[in-house]
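Source file: target.txt. Holds: compact mmCIF, C-alpha atoms and all ligand atoms.
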```txt
# COMPACT_ATOMS: atom_id res chain seq x y z
CA MET P 11 29.23 -48.43 43.52
CA ILE P 12 30.29 -45.57 41.31
CA GLN P 13 29.71 -43.04 44.07
CA THR P 14 32.62 -44.40 46.12
CA HIS P 15 34.94 -43.43 43.29
CA LEU P 16 33.79 -39.86 43.06
CA ALA P 17 35.21 -36.73 44.57
CA PHE P 18 34.23 -33.22 43.56
CA ARG P 19 36.92 -30.98 42.11
CA THR P 20 37.41 -27.92 39.99
CA PRO P 21 39.84 -28.02 37.06
CA GLY P 22 42.33 -25.89 38.97
CA MET P 23 42.42 -28.33 41.91
CA LEU P 24 40.42 -25.85 44.00
CA PRO P 25 37.48 -27.60 45.61
CA ARG P 26 34.26 -25.68 45.31
CA PRO P 27 30.65 -26.42 46.22
CA GLY P 28 28.38 -27.86 43.53
CA VAL P 29 24.61 -27.62 43.06
CA LEU P 30 22.54 -30.78 43.35
CA PRO P 31 19.54 -31.32 41.08
CA THR P 32 17.31 -30.22 44.00
CA GLY P 33 19.06 -26.88 44.05
CA ARG P 34 20.68 -27.76 47.39
CA LYS P 35 24.27 -26.61 47.74
CA LEU P 36 26.89 -29.35 47.91
CA SER P 37 29.64 -28.64 50.40
CA ALA P 38 33.30 -28.67 49.37
CA PRO P 39 34.92 -32.09 48.88
CA ARG P 40 36.09 -34.01 51.90
CA ARG P 41 38.51 -36.19 49.95
CA ILE P 42 41.07 -34.88 47.49
CA LEU P 43 42.32 -37.50 45.10
CA SER P 44 45.55 -37.77 43.20
CA LYS P 45 46.06 -34.89 40.81
CA HIS P 46 46.91 -37.49 38.20
CA ALA P 47 43.39 -38.89 38.26
CA PRO P 48 41.46 -37.88 35.13
CA ILE P 49 39.02 -35.03 35.56
CA ALA P 50 35.50 -34.72 34.15
CA ARG P 51 32.31 -32.81 34.66
CA HIS P 52 30.14 -34.24 37.42
CA PRO P 53 26.61 -35.03 36.30
CA PHE P 54 24.94 -33.60 39.41
CA SER P 55 26.96 -30.48 40.02
CA THR P 56 28.42 -27.50 38.35
CA GLY P 57 31.78 -28.69 39.71
CA PHE P 58 33.94 -31.58 38.58
CA TYR P 59 34.63 -35.12 39.70
CA ARG P 60 37.45 -37.60 39.49
CA PHE P 61 37.32 -41.35 39.26
CA SER P 62 40.05 -42.92 41.33
CA ASN P 63 41.43 -46.45 41.34
CA ILE P 64 39.91 -47.31 37.98
CA SER P 65 41.62 -47.39 34.64
CA THR P 66 41.13 -44.70 32.02
CA THR P 67 39.42 -47.23 29.79
CA THR P 68 36.90 -48.07 32.48
CA ARG P 69 36.42 -44.39 33.25
CA GLU P 70 35.75 -43.58 29.60
CA LEU P 71 33.39 -46.51 29.34
CA ILE P 72 31.41 -45.40 32.39
CA GLU P 73 31.28 -41.80 31.19
CA SER P 74 30.07 -42.77 27.74
CA LYS P 75 27.43 -45.11 29.16
CA LEU P 76 26.16 -42.43 31.56
CA SER P 77 26.26 -39.55 29.09
CA LEU P 78 23.01 -38.24 27.59
CA SER P 79 24.86 -35.70 25.50
CA GLY P 80 22.85 -34.51 22.49
CA ARG P 81 19.72 -36.38 23.52
CA VAL P 82 16.28 -34.93 24.17
CA THR P 83 14.39 -35.94 27.31
CA VAL P 84 10.69 -35.18 27.74
CA ILE P 85 9.33 -35.21 31.29
CA THR P 86 5.70 -34.91 32.28
CA GLY P 87 5.03 -33.40 35.70
CA GLY P 88 8.53 -31.94 35.56
CA SER P 89 7.71 -28.54 37.04
CA ARG P 90 8.41 -29.40 40.67
CA GLY P 91 9.25 -32.16 43.14
CA ILE P 92 10.57 -35.46 41.81
CA GLY P 93 9.92 -34.46 38.18
CA LEU P 94 11.97 -31.26 38.40
CA THR P 95 14.86 -33.12 40.06
CA LEU P 96 14.81 -35.76 37.33
CA ALA P 97 14.67 -33.04 34.66
CA LYS P 98 17.81 -31.50 36.21
CA THR P 99 19.42 -34.94 36.38
CA ALA P 100 18.90 -35.53 32.65
CA ALA P 101 20.31 -32.07 31.90
CA ALA P 102 23.31 -32.63 34.17
CA LEU P 103 24.07 -35.76 32.15
CA GLY P 104 24.03 -33.70 28.94
CA SER P 105 20.44 -33.99 27.68
CA HIS P 106 18.21 -31.19 26.42
CA VAL P 107 14.97 -31.22 28.40
CA ALA P 108 11.30 -30.54 27.67
CA ILE P 109 9.12 -30.07 30.76
CA LEU P 110 5.41 -30.71 30.15
CA ASP P 111 3.14 -29.83 33.06
CA VAL P 112 -0.08 -28.03 33.98
CA HIS P 113 1.95 -25.57 36.07
CA GLU P 114 4.96 -23.38 35.27
CA PRO P 115 8.28 -24.85 36.49
CA GLU P 116 9.25 -23.75 40.00
CA THR P 117 12.67 -22.81 38.61
CA SER P 118 12.53 -20.71 35.43
CA VAL P 119 13.75 -22.36 32.23
CA ALA P 120 16.21 -19.46 31.81
CA LYS P 121 17.80 -20.29 35.18
CA LEU P 122 17.80 -24.01 34.44
CA GLU P 123 19.60 -23.36 31.14
CA ARG P 124 22.16 -21.15 32.92
CA ASP P 125 22.74 -23.71 35.69
CA TYR P 126 22.98 -26.83 33.52
CA GLY P 127 24.19 -25.58 30.14
CA SER P 128 21.51 -27.61 28.32
CA ARG P 129 18.45 -26.39 26.46
CA PHE P 130 15.25 -26.39 28.56
CA ILE P 131 11.76 -25.76 27.22
CA PHE P 132 8.41 -25.74 28.99
CA HIS P 133 5.01 -26.36 27.46
CA ARG P 134 1.78 -26.35 29.40
CA MET P 135 0.16 -29.75 29.07
CA ASP P 136 -2.67 -31.52 30.89
CA VAL P 137 -2.25 -35.30 30.77
CA THR P 138 -6.03 -35.73 30.92
CA SER P 139 -6.47 -34.00 27.54
CA LYS P 140 -5.61 -35.75 24.25
CA ASP P 141 -5.46 -32.42 22.37
CA SER P 142 -3.25 -30.77 24.96
CA MET P 143 -0.83 -33.72 24.92
CA GLU P 144 -0.60 -33.98 21.13
CA LEU P 145 -0.02 -30.22 20.85
CA ALA P 146 2.70 -30.29 23.53
CA PHE P 147 4.56 -33.20 21.92
CA ASP P 148 4.32 -31.48 18.51
CA LYS P 149 5.88 -28.38 20.06
CA VAL P 150 8.72 -30.45 21.52
CA ILE P 151 9.53 -31.78 18.05
CA GLU P 152 9.27 -28.26 16.62
CA ASP P 153 11.63 -26.83 19.28
CA LEU P 154 14.07 -29.66 19.94
CA GLY P 155 13.70 -31.83 16.84
CA LYS P 156 13.28 -35.26 18.41
CA VAL P 157 12.50 -37.35 21.51
CA ASP P 158 15.09 -39.84 22.81
CA ASN P 159 13.88 -40.29 26.38
CA CYS P 160 10.58 -39.86 28.18
CA ILE P 161 9.93 -39.80 31.92
CA THR P 162 6.26 -39.98 32.91
CA CYS P 163 6.07 -38.34 36.32
CA ALA P 164 2.81 -36.36 36.40
CA GLY P 165 0.67 -37.81 39.14
CA ILE P 166 -1.65 -37.08 42.03
CA ALA P 167 -2.31 -38.96 45.28
CA LEU P 168 -5.41 -39.68 47.37
CA ASP P 169 -5.25 -40.85 50.99
CA LYS P 170 -8.76 -41.85 52.06
CA PRO P 171 -10.53 -44.96 53.41
CA PHE P 172 -11.64 -47.36 50.66
CA LEU P 173 -15.27 -47.14 51.83
CA GLU P 174 -15.28 -43.36 51.25
CA HIS P 175 -13.73 -43.17 47.77
CA THR P 176 -16.10 -41.49 45.26
CA TRP P 177 -16.42 -42.28 41.56
CA GLU P 178 -15.28 -38.77 40.57
CA GLU P 179 -12.04 -38.67 42.55
CA SER P 180 -11.18 -42.30 41.75
CA ARG P 181 -11.71 -41.67 38.04
CA ARG P 182 -9.47 -38.59 38.22
CA ILE P 183 -6.66 -40.63 39.82
CA LEU P 184 -6.91 -43.20 37.02
CA ASP P 185 -7.15 -40.50 34.32
CA ILE P 186 -4.02 -38.66 35.44
CA ASN P 187 -1.87 -41.47 36.79
CA VAL P 188 -2.72 -44.32 34.42
CA LEU P 189 -4.06 -42.89 31.15
CA GLY P 190 -1.87 -39.80 31.41
CA SER P 191 1.27 -41.94 31.76
CA PHE P 192 0.07 -44.46 29.16
CA PHE P 193 -0.59 -41.89 26.44
CA SER P 194 2.52 -39.85 27.25
CA ALA P 195 4.56 -43.01 26.77
CA GLN P 196 2.62 -43.74 23.56
CA LEU P 197 3.30 -40.28 22.06
CA ALA P 198 6.98 -40.60 22.95
CA ALA P 199 7.19 -44.14 21.56
CA LYS P 200 5.48 -43.17 18.27
CA GLN P 201 8.08 -40.45 17.76
CA MET P 202 10.92 -42.84 18.69
CA VAL P 203 9.63 -45.45 16.23
CA ASN P 204 9.52 -42.79 13.48
CA GLN P 205 13.08 -41.73 14.30
CA GLY P 206 14.26 -45.34 14.18
CA ASN P 207 16.97 -44.99 16.84
CA GLY P 208 15.26 -46.55 19.82
CA GLY P 209 14.85 -44.75 23.12
CA SER P 210 14.26 -45.06 26.84
CA ILE P 211 10.99 -44.56 28.71
CA VAL P 212 10.94 -44.40 32.51
CA MET P 213 7.56 -44.39 34.21
CA ILE P 214 7.24 -43.30 37.84
CA ALA P 215 5.24 -45.86 39.83
CA SER P 216 5.29 -46.02 43.66
CA ILE P 217 5.88 -48.20 46.68
CA ALA P 218 2.05 -48.27 46.75
CA ALA P 219 2.27 -50.50 43.65
CA HIS P 220 4.02 -53.14 45.80
CA CYS P 221 2.10 -53.29 49.08
CA ALA P 222 -0.11 -51.45 51.56
CA ILE P 223 1.90 -48.61 53.08
CA PRO P 224 2.10 -47.55 56.72
CA ALA P 225 -0.55 -45.15 58.02
CA GLN P 226 -2.09 -44.34 54.61
CA ARG P 227 -5.16 -45.63 52.82
CA VAL P 228 -4.32 -45.34 49.16
CA SER P 229 -6.31 -48.11 47.46
CA ILE P 230 -7.10 -46.44 44.13
CA TYR P 231 -3.75 -44.63 44.06
CA GLY P 232 -1.98 -47.95 44.67
CA ALA P 233 -4.04 -49.55 41.91
CA SER P 234 -3.06 -46.75 39.51
CA LYS P 235 0.62 -47.19 40.32
CA ALA P 236 0.39 -50.99 40.05
CA ALA P 237 -0.99 -50.41 36.54
CA ILE P 238 2.09 -48.33 35.72
CA LYS P 239 4.39 -51.01 37.14
CA LEU P 240 2.77 -53.62 34.91
CA LEU P 241 2.84 -51.29 31.89
CA GLY P 242 6.59 -51.11 32.42
CA LYS P 243 6.74 -54.85 31.73
CA THR P 244 4.20 -55.23 28.94
CA LEU P 245 5.36 -52.15 27.01
CA ALA P 246 8.97 -53.27 27.42
CA VAL P 247 8.22 -56.54 25.65
CA GLU P 248 6.10 -54.90 22.95
CA MET P 249 8.59 -52.11 22.23
CA ALA P 250 11.79 -54.20 22.41
CA PRO P 251 11.85 -54.85 18.62
CA PHE P 252 12.13 -51.06 18.18
CA ASN P 253 15.02 -50.89 20.68
CA ILE P 254 12.78 -48.83 22.96
CA ARG P 255 13.34 -49.75 26.59
CA VAL P 256 10.60 -49.23 29.18
CA ASN P 257 11.29 -49.39 32.91
CA THR P 258 9.65 -48.12 36.09
CA ILE P 259 10.91 -46.57 39.32
CA SER P 260 8.95 -47.06 42.53
CA PRO P 261 9.76 -44.30 45.01
CA GLY P 262 8.97 -44.73 48.70
CA PHE P 263 8.23 -41.71 50.90
CA ILE P 264 9.96 -38.78 49.18
CA ALA P 265 10.07 -35.24 50.57
CA THR P 266 8.06 -33.15 48.06
CA LYS P 267 4.95 -30.97 48.15
CA MET P 268 2.92 -34.14 47.52
CA SER P 269 4.14 -35.80 50.73
CA ALA P 270 4.24 -32.48 52.64
CA GLN P 271 0.44 -32.20 52.37
CA PHE P 272 0.19 -35.11 54.84
CA THR P 273 1.31 -32.99 57.79
CA ASP P 274 0.33 -35.51 60.47
CA LEU P 275 2.37 -38.31 58.79
CA GLN P 276 5.80 -36.69 58.67
CA GLU P 277 7.05 -38.73 61.66
CA VAL P 278 5.83 -41.95 59.97
CA PHE P 279 7.62 -40.99 56.74
CA ARG P 280 10.81 -40.52 58.77
CA THR P 281 10.66 -43.62 60.94
CA ALA P 282 8.86 -46.28 58.87
CA PRO P 283 11.55 -46.98 56.24
CA PRO P 284 14.18 -49.47 57.50
CA MET P 285 16.86 -46.94 56.44
CA GLY P 286 15.40 -44.58 59.08
CA ARG P 287 14.73 -41.48 57.01
CA ILE P 288 12.42 -39.99 54.38
CA GLY P 289 13.84 -40.08 50.84
CA GLN P 290 14.93 -36.98 48.96
CA PRO P 291 14.16 -36.47 45.25
CA GLU P 292 17.86 -36.84 44.45
CA ASP P 293 17.78 -40.37 45.90
CA LEU P 294 16.05 -41.21 42.60
CA ALA P 295 18.56 -39.41 40.39
CA PHE P 296 21.08 -42.21 39.87
CA ALA P 297 18.31 -44.73 39.17
CA VAL P 298 16.85 -42.58 36.40
CA GLY P 299 20.32 -41.65 35.13
CA TYR P 300 21.12 -45.35 34.78
CA LEU P 301 17.84 -46.24 33.07
CA LEU P 302 18.05 -43.39 30.55
CA GLY P 303 21.66 -44.05 29.55
CA ASP P 304 23.29 -46.62 27.28
CA GLY P 305 24.65 -48.44 30.35
CA ALA P 306 21.12 -49.84 30.69
CA SER P 307 20.88 -50.94 27.04
CA TYR P 308 20.07 -54.53 28.14
CA THR P 309 17.73 -53.47 30.96
CA THR P 310 14.05 -53.32 30.11
CA GLY P 311 10.81 -54.19 31.88
CA THR P 312 12.35 -53.82 35.30
CA ASP P 313 11.22 -51.84 38.34
CA ILE P 314 13.72 -50.14 40.65
CA ALA P 315 12.23 -49.64 44.09
CA VAL P 316 13.87 -46.70 45.89
CA THR P 317 12.12 -46.88 49.25
CA GLY P 318 14.78 -47.05 51.97
CA GLY P 319 13.87 -50.76 52.11
CA LEU P 320 10.23 -50.22 53.06
CA HIS P 321 8.76 -52.32 50.22
CA ASN P 322 10.49 -55.38 51.75
CA GLY P 323 8.66 -55.13 55.07
CA ARG P 324 9.93 -54.32 58.57
CA ILE P 325 11.26 -56.13 61.60
CA GLU P 326 11.23 -53.34 64.19
CA ILE P 327 7.83 -51.77 65.02
N1 LIG P 401 6.44 -37.86 46.88
C1 LIG P 401 6.31 -39.14 47.15
O1 LIG P 401 6.44 -39.57 48.31
C2 LIG P 401 6.02 -40.12 46.04
C3 LIG P 401 6.13 -41.48 46.33
C4 LIG P 401 5.87 -42.41 45.32
C5 LIG P 401 5.55 -41.99 44.04
N2 LIG P 401 5.44 -40.65 43.78
C6 LIG P 401 5.07 -40.27 42.42
O2 LIG P 401 6.06 -39.42 41.88
C7 LIG P 401 5.45 -38.51 40.95
C8 LIG P 401 5.84 -37.09 41.33
O3 LIG P 401 5.40 -36.85 42.65
P1 LIG P 401 5.86 -35.58 43.50
O4 LIG P 401 5.98 -36.01 44.90
O5 LIG P 401 6.98 -34.87 42.84
O6 LIG P 401 4.52 -34.72 43.37
P2 LIG P 401 4.26 -33.17 43.12
O7 LIG P 401 2.84 -32.96 43.45
O8 LIG P 401 5.28 -32.34 43.81
O9 LIG P 401 4.49 -33.03 41.52
C9 LIG P 401 3.59 -33.57 40.61
C10 LIG P 401 3.68 -32.79 39.32
O10 LIG P 401 2.71 -33.34 38.42
C11 LIG P 401 2.02 -32.27 37.81
N3 LIG P 401 0.68 -32.66 37.39
C12 LIG P 401 -0.36 -33.02 38.18
N4 LIG P 401 -1.46 -33.23 37.44
C13 LIG P 401 -1.10 -33.04 36.14
C14 LIG P 401 -1.79 -33.12 34.92
N5 LIG P 401 -3.11 -33.41 34.86
N6 LIG P 401 -1.11 -32.88 33.77
C15 LIG P 401 0.21 -32.56 33.81
N7 LIG P 401 0.91 -32.44 34.94
C16 LIG P 401 0.26 -32.68 36.11
C17 LIG P 401 1.96 -31.19 38.88
O11 LIG P 401 1.70 -29.90 38.34
C18 LIG P 401 3.34 -31.31 39.51
O12 LIG P 401 4.29 -30.49 38.86
C19 LIG P 401 3.94 -38.76 41.02
O13 LIG P 401 3.57 -39.61 39.95
C20 LIG P 401 3.77 -39.48 42.34
O14 LIG P 401 2.64 -40.31 42.36
C21 LIG P 401 5.68 -39.71 44.74
```
Represent the structure of the file as structure tokens.
Amino acid sequence: MIQTHLAFRTPGMLPRPGVLPTGRKLSAPRRILSKHAPIARHPFSTGFYRFSNISTTTRELIESKLSLSGRVTVITGGSRGIGLTLAKTAAALGSHVAILDVHEPETSVAKLERDYGSRFIFHRMDVTSKDSMELAFDKVIEDLGKVDNCITCAGIALDKPFLEHTWEESRRILDINVLGSFFSAQLAAKQMVNQGNGGSIVMIASIAAHCAIPAQRVSIYGASKAAIKLLGKTLAVEMAPFNIRVNTISPGFIATKMSAQFTDLQEVFRTAPPMGRIGQPEDLAFAVGYLLGDGASYTTGTDIAVTGGLHNGRIEI
């Protein structure tokens, strides 16, 4: 894995802490590599990294395949949680970023621009409103000129017994999670087709698209995420002639405000995954970084499950 070849460094050989996409401070490097190893900017920090034990050619290849330099990434639901971390990830890899959300970003765009050295814009957008979405995408083109990547992350959850689900709340889940993601992807794809250079769309599904999950009753939510997982396949095939790739990521239990609302389930979130911990938003960063970049140019219609193994079942109970 690439991570085993990375160590964080500053240009002057002085290790210094970096800042992860979550805003968490990264402690100083534990391993100092040969000063002859080539140096480059690390995608997830304001520090620097070195590849060791790999040739310059391989290093350059990996860097070019990971780089999103000069690209524009649109992310729905990017104002907090997983979406904000993925917005920071795209910026750390060199992309300009448009956050589209009903709420203001938890970190101001001015601070994001200072921290990541990329352009950030925010437009208020409700994925249940056609007019709001078309206006927001128009503004992205006006401000940033194009759309190369789109991450559909806006979503809401509902944990409730099947027998108690109402029409209203079930319809809202489908409106936001399914139609919101579907039409966000469509607006992005229309722009990409007009541009003629292809693009990458990553849609955030869920472990609930794969199976029932421990201690929660999420039937309509699971159905909405299963729809997204299938859209990742069908849209991938339909959009392939335009060189537009469509993939999905299925997170397991991830520590965000969405999962924090289930206060009585925190122990389950920690112990249920075979890896023995809840996931952090940055556990998804490398998956999205891969899918957005040219390194994934032959990867489309796939789902990456990042669940600590939970979608495969359990042996211990
Ligand atoms: N946290 C988890 O454990 C987990 C697990 C699997 C999948 N997911 C999925 O990941 C995505 C992000 O989840 P999160 O945990 O960061 O949640 P979150 O609640 O922290 O963030 C969701 C974001 O979506 C935005 N949003 C909600 N409704 C919207 C609308 N109508 N229009 C535009 N934006 C809207 C919110 O304002 C918020 O910024 C969701 O699609 C969720 O279903 C989360």
With all atoms listed in the file counted, collect every polymer residue having an atom within 8 Å of ligand LIG 401 (chain P); state the result as a PyMOL selection string. chain P and resi 86-94+110-115+134-138+162-167+186-187+190+214-218+231+235+260-269+289+291
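Computed from the coordinates, the CA of Leu103 (chain P) to CA of Ala237 (chain P) distance equals 29.4 Å.
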Which of P:Glu123, P:Asp158, P:Glu174, P:Asp313 sits closest to Gln205 (chain P) [using only C-alpha atoms]: P:Asp158
Near-Val82 (chain P) list (9 Å; all atoms listed in the file; drop same-chain fewer than 4 positions) as a VMD selection string: chain P and resid 78 100 105 to 108 154 to 160
With distances taken over all atoms listed in the file, which of P:Gly104, P:Gly242, P:Pro283, P:Pro251 is nearest to Thr310 (chain P)?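 Comparing P:Gly104, P:Gly242, P:Pro283, P:Pro251 against Thr310 (chain P), the winner is P:Gly242.
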Between CA of Gly209 (chain P) and CA of Gly305 (chain P), distance in Å (one decimal): 12.7 Å
If I take CA of Ser234 (chain P) and CA of Glu326 (chain P), how far is one from the other in Å, to one decimal?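 Computed distance, CA of Ser234 (chain P) to CA of Glu326 (chain P), equals 29.3 Å.
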Hey, which of P:Met213, P:Val188, P:Val228, P:Ala295 ends up closest to Ile259 (chain P)? Count only C-alpha atoms.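 Selected residue with least distance to Ile259 (chain P): P:Met213.
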Give me the residues near Ser180 (chain P) as a ChimeraX atom specification, where near means some atom within 10 Å (using all atoms listed in the file) and where sequence neighbours in that chain fewer than 2 positions away do not count. /P:168,175-178,182-185,229-231,234
